[in-house]
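Shown next: structure.cif, containing mmCIF, C-alpha atoms.
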data_query
loop_
_atom_site.label_atom_id
_atom_site.label_comp_id
_atom_site.auth_asym_id
_atom_site.auth_seq_id
_atom_site.Cartn_x
_atom_site.Cartn_y
_atom_site.Cartn_z
CA MET B 1 -43.29 171.80 178.68
CA ARG B 2 -45.47 169.45 176.63
CA LEU B 3 -48.27 167.06 177.43
CA LEU B 4 -47.95 164.01 175.18
CA LEU B 5 -50.96 161.73 174.65
CA ASP B 6 -51.09 158.20 173.23
CA LEU B 7 -54.70 157.17 172.56
CA GLY B 8 -54.48 153.41 172.09
CA ASN B 9 -57.18 150.81 171.60
CA THR B 10 -57.28 149.81 175.26
CA ARG B 11 -55.79 152.73 177.19
CA LEU B 12 -54.85 156.37 176.99
CA LYS B 13 -51.25 156.87 178.09
CA TRP B 14 -49.85 160.31 178.83
CA ALA B 15 -46.61 161.98 179.86
CA LEU B 16 -45.71 165.54 180.81
CA GLN B 17 -42.43 166.22 179.07
CA ALA B 18 -39.85 168.71 180.30
CA GLN B 19 -38.11 169.87 177.16
CA PRO B 20 -35.99 168.54 175.57
CA ASP B 21 -36.57 165.24 177.33
CA GLY B 22 -37.56 163.58 180.55
CA TRP B 23 -40.98 162.95 182.08
CA LEU B 24 -42.17 165.14 184.95
CA ALA B 25 -45.28 163.01 185.35
CA ARG B 26 -46.92 160.14 183.51
CA GLY B 27 -49.88 157.82 183.74
CA ALA B 28 -52.50 155.76 181.95
CA VAL B 29 -56.26 155.34 182.02
CA ASP B 30 -58.37 152.50 180.64
CA TRP B 31 -61.17 153.53 178.31
CA GLN B 32 -63.59 151.62 180.54
CA GLU B 33 -62.84 154.00 183.43
CA ASP B 34 -64.46 157.37 184.06
CA LEU B 35 -62.15 159.29 181.76
CA ALA B 36 -63.01 162.81 182.90
CA THR B 37 -62.73 162.00 186.61
CA THR B 38 -59.47 160.05 186.28
CA LEU B 39 -57.71 162.59 184.07
CA THR B 40 -58.93 165.55 186.09
CA SER B 41 -57.53 163.95 189.23
CA ALA B 42 -54.22 163.14 187.54
CA TRP B 43 -53.75 166.45 185.73
CA THR B 44 -54.98 168.93 188.34
CA GLY B 45 -51.99 170.63 189.88
CA LEU B 46 -49.58 169.82 187.06
CA PRO B 47 -47.66 172.69 185.43
CA ARG B 48 -49.56 174.09 182.47
CA PRO B 49 -48.03 172.69 179.27
CA GLU B 50 -47.15 174.97 176.41
CA GLN B 51 -48.39 172.31 173.97
CA VAL B 52 -50.58 169.24 173.98
CA ILE B 53 -49.55 166.79 171.27
CA ALA B 54 -51.53 163.61 170.65
CA ALA B 55 -51.40 160.43 168.59
CA SER B 56 -54.55 158.39 168.22
CA VAL B 57 -55.79 155.10 166.81
CA VAL B 58 -59.30 155.52 168.26
CA ASP B 59 -62.50 157.09 167.00
CA ALA B 60 -63.24 160.80 166.71
CA ALA B 61 -65.66 160.71 169.65
CA ARG B 62 -62.96 159.61 172.08
CA GLU B 63 -60.52 162.11 170.62
CA ALA B 64 -63.10 164.85 171.22
CA ARG B 65 -63.59 163.78 174.85
CA VAL B 66 -59.86 163.94 175.51
CA ALA B 67 -59.53 167.29 173.73
CA ALA B 68 -62.35 168.77 175.82
CA ILE B 69 -60.62 167.72 179.06
CA ALA B 70 -57.29 169.17 177.94
CA GLU B 71 -58.95 172.42 176.92
CA ARG B 72 -60.85 172.69 180.21
CA LEU B 73 -57.85 171.99 182.45
CA PHE B 74 -55.04 173.63 180.48
CA ALA B 75 -56.76 175.89 177.93
CA ARG B 76 -54.79 174.07 175.25
CA THR B 77 -56.14 172.53 172.05
CA PRO B 78 -54.35 169.29 171.19
CA THR B 79 -52.28 169.02 168.04
CA TRP B 80 -53.13 165.65 166.49
CA LEU B 81 -50.27 163.95 164.70
CA ARG B 82 -51.46 161.99 161.69
CA THR B 83 -49.14 159.51 160.03
CA PRO B 84 -46.79 161.25 157.57
CA ALA B 85 -44.92 159.85 154.59
CA HIS B 86 -41.63 160.58 156.34
CA ALA B 87 -40.41 162.26 159.52
CA CYS B 88 -37.46 162.12 161.91
CA GLY B 89 -35.44 159.93 159.54
CA VAL B 90 -38.17 157.29 159.08
CA ARG B 91 -39.79 156.74 155.66
CA ASN B 92 -43.22 155.16 155.59
CA ALA B 93 -43.58 152.18 153.23
CA TYR B 94 -47.33 152.61 152.70
CA ALA B 95 -48.47 153.97 149.34
CA GLU B 96 -51.18 155.79 151.31
CA PRO B 97 -49.09 156.90 154.32
CA GLN B 98 -52.03 157.93 156.49
CA ARG B 99 -53.31 154.34 156.53
CA LEU B 100 -50.34 153.17 158.59
CA GLY B 101 -51.27 153.41 162.26
CA VAL B 102 -49.59 156.42 163.82
CA ASP B 103 -48.65 154.26 166.81
CA ARG B 104 -46.62 151.99 164.54
CA PHE B 105 -44.92 154.94 162.86
CA LEU B 106 -43.98 156.57 166.17
CA ALA B 107 -42.61 153.32 167.56
CA MET B 108 -40.29 153.24 164.54
CA VAL B 109 -39.32 156.87 165.11
CA ALA B 110 -38.36 156.04 168.71
CA ALA B 111 -36.36 152.96 167.67
CA HIS B 112 -34.54 154.88 164.92
CA ALA B 113 -33.72 157.74 167.30
CA ASP B 114 -32.36 155.21 169.81
CA GLY B 115 -30.05 153.74 167.15
CA ARG B 116 -31.73 150.33 167.28
CA ALA B 117 -32.33 149.85 163.55
CA PRO B 118 -32.20 147.53 161.66
CA CYS B 119 -34.98 146.11 163.76
CA VAL B 120 -38.35 144.44 163.84
CA LEU B 121 -40.93 146.05 166.09
CA ALA B 122 -43.78 143.97 167.47
CA GLY B 123 -46.66 145.81 169.09
CA VAL B 124 -48.47 143.29 171.28
CA GLY B 125 -51.86 144.50 172.39
CA THR B 126 -55.41 144.28 171.07
CA ALA B 127 -53.74 143.80 167.70
CA LEU B 128 -50.37 142.23 167.01
CA THR B 129 -48.50 144.58 164.68
CA LEU B 130 -45.16 143.86 163.04
CA ASP B 131 -42.89 146.30 161.21
CA ALA B 132 -39.43 145.97 159.69
CA LEU B 133 -37.18 149.04 159.84
CA ALA B 134 -33.86 149.28 157.97
CA ALA B 135 -30.78 150.97 159.39
CA ASP B 136 -31.29 153.97 157.09
CA GLY B 137 -34.85 154.52 158.36
CA ARG B 138 -36.69 152.80 155.51
CA HIS B 139 -39.86 151.08 156.66
CA LEU B 140 -40.02 147.86 154.65
CA GLY B 141 -43.62 147.08 155.57
CA GLY B 142 -45.38 144.97 158.14
CA LEU B 143 -48.24 142.72 159.21
CA ILE B 144 -51.31 142.97 161.43
CA ALA B 145 -52.95 140.06 163.26
CA PRO B 146 -55.17 139.69 166.31
CA GLY B 147 -53.32 139.99 169.59
CA PRO B 148 -53.22 136.81 171.70
CA ARG B 149 -56.03 137.88 174.03
CA LEU B 150 -58.25 138.97 171.14
CA MET B 151 -57.44 135.68 169.43
CA GLN B 152 -58.66 133.80 172.50
CA GLN B 153 -61.85 135.85 172.74
CA SER B 154 -62.57 135.42 169.02
CA LEU B 155 -62.27 131.65 169.40
CA LEU B 156 -64.66 131.60 172.34
CA ASP B 157 -67.16 133.83 170.51
CA ALA B 158 -67.13 131.66 167.38
CA THR B 159 -67.46 128.21 168.98
CA ALA B 160 -70.25 126.53 170.91
CA ARG B 161 -68.28 123.98 172.93
CA VAL B 162 -64.99 125.73 173.62
CA ARG B 163 -65.93 127.15 176.99
CA PRO B 164 -62.99 126.97 179.41
CA GLU B 165 -64.00 126.96 183.05
CA ARG B 166 -60.95 129.02 184.05
CA PRO B 167 -58.19 131.17 182.53
CA GLY B 168 -55.67 128.89 180.89
CA GLU B 169 -51.96 128.48 181.51
CA ILE B 170 -49.40 128.62 178.70
CA VAL B 171 -47.85 125.17 178.31
CA GLU B 172 -46.16 123.20 175.53
CA LEU B 173 -48.76 120.41 175.41
CA ALA B 174 -52.13 120.99 177.04
CA ASP B 175 -54.32 118.25 178.54
CA ASN B 176 -57.40 120.46 179.05
CA THR B 177 -59.36 123.03 177.05
CA ALA B 178 -58.45 126.10 179.11
CA ASP B 179 -54.72 125.56 178.72
CA ALA B 180 -55.11 124.46 175.08
CA VAL B 181 -56.85 127.73 174.12
CA ALA B 182 -54.42 130.00 175.99
CA SER B 183 -51.34 128.11 174.82
CA GLY B 184 -52.46 127.89 171.21
CA CYS B 185 -53.16 131.60 170.92
CA TRP B 186 -50.03 132.83 172.69
CA GLN B 187 -47.78 130.38 170.84
CA ALA B 188 -49.37 131.35 167.53
CA ALA B 189 -48.49 134.98 168.23
CA ALA B 190 -44.93 134.03 169.17
CA ALA B 191 -44.54 131.95 166.00
CA LEU B 192 -45.71 134.82 163.79
CA VAL B 193 -43.28 137.23 165.44
CA GLU B 194 -40.38 134.82 164.93
CA ARG B 195 -41.31 134.06 161.31
CA PHE B 196 -41.61 137.76 160.47
CA ALA B 197 -38.23 138.51 162.08
CA THR B 198 -36.39 135.70 160.28
CA ARG B 199 -37.99 136.53 156.91
CA SER B 200 -37.23 140.24 157.38
CA ALA B 201 -33.56 139.43 157.97
CA VAL B 202 -33.23 138.53 154.28
CA ARG B 203 -34.30 141.99 153.13
CA LEU B 204 -32.50 143.79 155.95
CA GLY B 205 -29.24 142.01 155.22
CA ALA B 206 -28.75 140.95 158.82
CA MET B 207 -30.71 139.50 161.70
CA PRO B 208 -32.59 142.51 163.08
CA ALA B 209 -32.97 143.48 166.69
CA LEU B 210 -36.37 142.29 167.86
CA ILE B 211 -38.21 144.86 169.97
CA LEU B 212 -41.52 144.18 171.72
CA GLY B 213 -43.87 146.88 172.96
CA GLY B 214 -47.47 147.10 174.09
CA GLY B 215 -49.45 145.87 177.04
CA ASP B 216 -48.93 142.16 176.34
CA ALA B 217 -45.27 142.34 175.33
CA ALA B 218 -43.93 141.07 178.67
CA PRO B 219 -45.86 137.77 178.74
CA LEU B 220 -45.02 137.09 175.08
CA LEU B 221 -41.28 137.68 175.52
CA PRO B 222 -40.39 134.38 177.25
CA LEU B 223 -42.22 132.39 174.56
CA LEU B 224 -39.79 133.55 171.88
CA SER B 225 -36.78 131.49 170.87
CA LEU B 226 -35.09 134.55 169.31
CA PRO B 227 -33.27 137.19 171.38
CA ALA B 228 -35.65 140.09 172.01
CA GLY B 229 -36.06 143.10 174.28
CA LEU B 230 -38.89 145.19 175.64
CA SER B 231 -39.56 148.82 174.73
CA GLN B 232 -41.49 151.03 177.14
CA ASP B 233 -43.71 153.86 175.91
CA GLY B 234 -42.53 153.73 172.32
CA VAL B 235 -45.38 155.91 171.06
CA LEU B 236 -44.83 158.60 173.70
CA ARG B 237 -41.07 158.57 173.09
CA GLY B 238 -41.67 158.80 169.35
CA LEU B 239 -43.99 161.75 169.93
CA ALA B 240 -41.27 163.45 171.96
CA VAL B 241 -38.73 162.93 169.16
CA TRP B 242 -41.19 164.31 166.60
CA ALA B 243 -42.06 167.32 168.77
CA ASN B 244 -38.39 168.14 169.41
CA ALA B 245 -37.73 168.10 165.67
CA GLN B 246 -40.40 170.70 164.89
#
Can the structure in the file be given as structure tokens, please?
Amino acid sequence: MRLLLDLGNTRLKWALQAQPDGWLARGAVDWQEDLATTLTSAWTGLPRPEQVIAASVVDAAREARVAAIAERLFARTPTWLRTPAHACGVRNAYAEPQRLGVDRFLAMVAAHADGRAPCVLAGVGTALTLDALAADGRHLGGLIAPGPRLMQQSLLDATARVRPERPGEIVELADNTADAVASGCWQAAAALVERFATRSAVRLGAMPALILGGGDAAPLLPLLSLPAGLSQDGVLRGLAVWANAQ
């Protein structure tokens, strides 16, 4: 029995794993919520895990808060997975492996374990991350850009007169500022994903499977002209694969 933790930029996602696979319980909590109260309510009464394994892209202070809750409720100290040079058949392209976000690495581990490579993985959240993964597990590299919502907020913060009076709709040609901002940012994200996938096909030797994950993956999917699919809980599934291999 393992408690798997994915500390993302916006939310903490967790799953209680019955070895070797399968979730007994799962959930998520936004960092803006009362973390201790929410997790205590969710975790009280769960079977005590033998291990707590965590992946994090947040600061040390939030990691410490989560660790303290796990130690208080389960008397377990989390094992923090930091990005390796290679694991579970995936080889990190970064010259300094630890600088690749562990969430990106674990999403590739999950995709490779599922037999979905060659593929391009797009993580659509606060940031838009793109990674190309060859069939043999080689990570060819990737890109990072603002996610579509962060792109919108950055535009509003940096301009004096772009002040939409309502949330915009995504349209092809906008006739008002609200729709123009929303449509421009979401379509820019879609265009980058498509360009990365088509350019990666040259190095991969074939058109890769396009896999979208993250909190904003679902609304981006219909904007793409390339075939694509959604991946749920890629980081948690990658953590499970890594833990099972130890």
Original post:
Can you list, as a list of chain:residue names, the residues that the PyMOL selection byres ((chain B and resi 231) around 8) selects here?
Top reply: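 For this structure, the PyMOL selection byres ((chain B and resi 231) around 8) captures B:Ile211, B:Leu212, B:Gly213, B:Gly229, B:Leu230, B:Gln232, B:Asp233, B:Gly234.
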Mind running range 47-152 of chain B against range 24-34 of chain B at 12 Å and telling me each contacting residue's nearest atom pair with the distance in Å (one decimal), counting all atoms listed in the file, chain and number ascending, as CSV?
residue,atom,partner,partner_atom,distance
B:Pro47,CA,B:Leu24,CA,9.3
B:Arg48,CA,B:Leu24,CA,11.9
B:Pro49,CA,B:Leu24,CA,11.1
B:Val58,CA,B:Trp31,CA,10.4
B:Asp59,CA,B:Trp31,CA,11.9
B:Arg62,CA,B:Trp31,CA,8.9
B:Glu63,CA,B:Trp31,CA,11.5
B:Arg65,CA,B:Trp31,CA,11.1
B:Val66,CA,B:Trp31,CA,10.9
Original post:
Which residues match the PyMOL selection byres ((chain B and resi 182-190) around 10) in the file above, as a VMD selection string?
Top reply: chain B and resid 124 128 145 to 153 155 164 167 to 174 177 to 181 191 to 195 219 to 226
Selected residues, C-alpha atoms, written as a PDB file, in the coordinates of the input, please.
ATOM      1  CA  VAL B 124     -48.470 143.290 171.280  1.00  0.00           C
ATOM      2  CA  LEU B 128     -50.370 142.230 167.010  1.00  0.00           C
ATOM      3  CA  ALA B 145     -52.950 140.060 163.260  1.00  0.00           C
ATOM      4  CA  PRO B 146     -55.170 139.690 166.310  1.00  0.00           C
ATOM      5  CA  GLY B 147     -53.320 139.990 169.590  1.00  0.00           C
ATOM      6  CA  PRO B 148     -53.220 136.810 171.700  1.00  0.00           C
ATOM      7  CA  ARG B 149     -56.030 137.880 174.030  1.00  0.00           C
ATOM      8  CA  LEU B 150     -58.250 138.970 171.140  1.00  0.00           C
ATOM      9  CA  MET B 151     -57.440 135.680 169.430  1.00  0.00           C
ATOM     10  CA  GLN B 152     -58.660 133.800 172.500  1.00  0.00           C
ATOM     11  CA  GLN B 153     -61.850 135.850 172.740  1.00  0.00           C
ATOM     12  CA  LEU B 155     -62.270 131.650 169.400  1.00  0.00           C
ATOM     13  CA  PRO B 164     -62.990 126.970 179.410  1.00  0.00           C
ATOM     14  CA  PRO B 167     -58.190 131.170 182.530  1.00  0.00           C
ATOM     15  CA  GLY B 168     -55.670 128.890 180.890  1.00  0.00           C
ATOM     16  CA  GLU B 169     -51.960 128.480 181.510  1.00  0.00           C
ATOM     17  CA  ILE B 170     -49.400 128.620 178.700  1.00  0.00           C
ATOM     18  CA  VAL B 171     -47.850 125.170 178.310  1.00  0.00           C
ATOM     19  CA  GLU B 172     -46.160 123.200 175.530  1.00  0.00           C
ATOM     20  CA  LEU B 173     -48.760 120.410 175.410  1.00  0.00           C
ATOM     21  CA  ALA B 174     -52.130 120.990 177.040  1.00  0.00           C
ATOM     22  CA  THR B 177     -59.360 123.030 177.050  1.00  0.00           C
ATOM     23  CA  ALA B 178     -58.450 126.100 179.110  1.00  0.00           C
ATOM     24  CA  ASP B 179     -54.720 125.560 178.720  1.00  0.00           C
ATOM     25  CA  ALA B 180     -55.110 124.460 175.080  1.00  0.00           C
ATOM     26  CA  VAL B 181     -56.850 127.730 174.120  1.00  0.00           C
ATOM     27  CA  ALA B 191     -44.540 131.950 166.000  1.00  0.00           C
ATOM     28  CA  LEU B 192     -45.710 134.820 163.790  1.00  0.00           C
ATOM     29  CA  VAL B 193     -43.280 137.230 165.440  1.00  0.00           C
ATOM     30  CA  GLU B 194     -40.380 134.820 164.930  1.00  0.00           C
ATOM     31  CA  ARG B 195     -41.310 134.060 161.310  1.00  0.00           C
ATOM     32  CA  PRO B 219     -45.860 137.770 178.740  1.00  0.00           C
ATOM     33  CA  LEU B 220     -45.020 137.090 175.080  1.00  0.00           C
ATOM     34  CA  LEU B 221     -41.280 137.680 175.520  1.00  0.00           C
ATOM     35  CA  PRO B 222     -40.390 134.380 177.250  1.00  0.00           C
ATOM     36  CA  LEU B 223     -42.220 132.390 174.560  1.00  0.00           C
ATOM     37  CA  LEU B 224     -39.790 133.550 171.880  1.00  0.00           C
ATOM     38  CA  SER B 225     -36.780 131.490 170.870  1.00  0.00           C
ATOM     39  CA  LEU B 226     -35.090 134.550 169.310  1.00  0.00           C
TER      40      LEU B 226
END
**OP:** Pick out the residues sitting within 12 Å of Gly141 in chain B, and hand them over as number ranges by chain; count all atoms listed in the file, and ignore anything fewer than 3 positions along from it in its own chain.
**Re:** B: 91-95, 97, 100-101, 104-105, 108, 119-121, 129-134, 137-138, 144, 196, 200, 203-204
Original post:
Hey, what comes out of the PyMOL selection byres ((chain B and resi 89) around 12) on this file? Could you write it as JSON, numbers by chain?
Top reply: {"B": [84, 85, 86, 87, 88, 90, 91, 92, 105, 106, 108, 109, 110, 111, 112, 113, 114, 115, 117, 133, 134, 135, 136, 137, 138, 139, 238, 241, 242, 245]}
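Relative to CA of Thr10 in chain B, CA of Thr40 in chain B is found at 19.2 Å.
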Please put the answer as AutoDock Vina command-line options: centre and edge lengths, in Å with one decimal, of a box along x, y and z that encloses all listed atoms of range 239-242 of chain B plus 4 Å on each side.
--center_x -41.4 --center_y 163.0 --center_z 169.3 --size_x 13.3 --size_y 10.6 --size_z 13.4
Subject >> Nearest candidate to Ala15 in chain B (options B:Ala122, B:Thr83, B:Ala217, B:Arg2; using all atoms listed in the file) >> reply: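 Of all the options, B:Arg2 lies closest to Ala15 in chain B.
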**OP:** One decimal, Å: what's the distance from CA of Thr79 in chain B over to CA of Gly123 in chain B, could you say?
**Re:**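 Interatomic distance here is 23.9 Å.
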**OP:** Find, counting all atoms listed in the file, the residue in B:Pro118, B:Val202, B:Val57, B:Leu12 that gets nearest to Arg99 in chain B.
**Re:**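 So, comparing all the options, the nearest one is B:Val57.
Of note, CA of Thr38 in chain B and CA of Arg11 in chain B are spaced 12.2 Å apart.
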